[in-house]
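Chemist: Submitted below is the structure of interest, expressed as structure tokens.
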Amino acid sequence: MTTKRKPYHQPIAANWWLKLGFYRFYMLREATAIPAVWFSLELLYGLFALKKGEQSWLAFVALLQHPVMLVINMLVLAAALLHSKTWFDLAPKAQILVLGGKKVSPGPIVKGLWAVMILVSLILLTWVVIQEQ
């Protein structure tokens, strides 16, 4: 049996997310996907430049050293750090750890994730600097 009644759909304004700080931060966090796409495209461009030869690679490196590119990449880094912070804060909520019958508080887990990220970043940075010499 069908009905001729139309379902009620409450109208939602396009700026609904501007009303609460929680929603604004949510949209900012979701927007970190855009800089991630930029960085992915930049890496792909670098790989193709590397494939084409030394001249193409040197042109890519020169492009990366342009002040505008440096500013863009700093913004991308800031977005990646914001995304990492929210991801690390989410991890203890997704997986509850119990050790010795006691629930582990999220603080040490989040700090451990940051420590691992910093350690891996320093190891990679050190390796790159050694390769440059």
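Chain labels run A, B, ... following the order of the structure tokens; each chain numbers its residues from 1, and ligands are numbered from 1 in the order shown.
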Taking the DSSP secondary structure from the backbone, can you list the residues of chain A that are helix (DSSP H, G or I), as a VMD selection string?

Modeler: chain A and resid 16 to 18 21 to 31 33 to 52 54 to 64 67 to 94 106 to 132

Chemist: Which residues are close to Leu97 in chain A, i.e. within 12 Å by only C-alpha atoms, leaving aside same-chain residues fewer than 5 positions away? Reply as a list in words.

Modeler: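 Returned residues: Ala91, Pro92, Lys102, Lys103, Val104, Ser105, Pro106, Gly107, Pro108 and Ile109 of chain A.
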
Chemist: Rounded to one decimal, what separation in Å do you get between CA of Thr32 in chain A and CA of Ala94 in chain A?

Modeler: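 CA of Ala94 in chain A lies at a distance of 20.5 Å from CA of Thr32 in chain A.
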
Chemist: Distance CA of Leu90 in chain A-CA of Glu42 in chain A, one decimal place?

Modeler: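 Value for the CA of Leu90 in chain A-CA of Glu42 in chain A distance: 28.1 Å.
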
Chemist: Report, in Å with one decimal, the straight-line distance from CA of Met74 in chain A to CA of Val37 in chain A.

Modeler: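 The value is 14.5 Å.
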
Chemist: As a list in words, please: the residues near Trp114 in chain A (cut-off 8 Å, only C-alpha atoms, same-chain neighbours under 4 positions excluded).

Modeler: Phe88, Val110 and Ile118 of chain A

Chemist: Let's have the selection written as a JSON list (two decimals), in the first residue's frame, with all heavy atoms.

Modeler:
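Saved as out_20.json:
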```json
[["chain", "number", "residue", "atom", "x", "y", "z"],
["A", 88, "PHE", "N", 45.64, 10.08, 17.02],
["A", 88, "PHE", "CA", 46.23, 9.49, 18.23],
["A", 88, "PHE", "C", 45.27, 9.59, 19.41],
["A", 88, "PHE", "O", 45.24, 8.71, 20.26],
["A", 88, "PHE", "CB", 47.56, 10.16, 18.57],
["A", 88, "PHE", "CG", 48.67, 9.85, 17.60],
["A", 88, "PHE", "CD1", 49.83, 10.59, 17.60],
["A", 88, "PHE", "CD2", 48.57, 8.81, 16.69],
["A", 88, "PHE", "CE1", 50.86, 10.31, 16.72],
["A", 88, "PHE", "CE2", 49.59, 8.51, 15.80],
["A", 88, "PHE", "CZ", 50.73, 9.27, 15.82],
["A", 110, "VAL", "N", 48.51, 7.61, 24.12],
["A", 110, "VAL", "CA", 48.69, 8.76, 23.22],
["A", 110, "VAL", "C", 50.14, 9.24, 23.26],
["A", 110, "VAL", "O", 50.75, 9.50, 22.22],
["A", 110, "VAL", "CB", 47.71, 9.89, 23.58],
["A", 110, "VAL", "CG1", 48.00, 11.15, 22.78],
["A", 110, "VAL", "CG2", 46.27, 9.44, 23.37],
["A", 118, "ILE", "N", 57.77, 10.56, 16.74],
["A", 118, "ILE", "CA", 58.94, 11.44, 16.81],
["A", 118, "ILE", "C", 60.21, 10.63, 16.61],
["A", 118, "ILE", "O", 61.12, 11.05, 15.88],
["A", 118, "ILE", "CB", 58.95, 12.21, 18.15],
["A", 118, "ILE", "CG1", 57.81, 13.23, 18.16],
["A", 118, "ILE", "CG2", 60.29, 12.88, 18.40],
["A", 118, "ILE", "CD1", 57.55, 13.87, 19.51]]
```

Chemist: When DSSP is applied to the backbone of this structure, which of range 1-126 of chain A are assigned strand (DSSP E)? Write them out as a PyMOL selection string.

Modeler: chain A and resi 98-99+102-103

Chemist: Take the selection from the previous step and output its residues with C-alpha atoms, as a PDB file, in the first residue's frame.

Modeler:
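In the end it all went to again.pdb:
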```
ATOM      1  CA  VAL A  98      43.427  -4.067  29.729  1.00  0.00           C
ATOM      2  CA  LEU A  99      46.605  -5.048  31.545  1.00  0.00           C
ATOM      3  CA  LYS A 102      42.921  -2.930  34.844  1.00  0.00           C
ATOM      4  CA  LYS A 103      41.954  -0.650  31.996  1.00  0.00           C
TER       5      LYS A 103
END
```
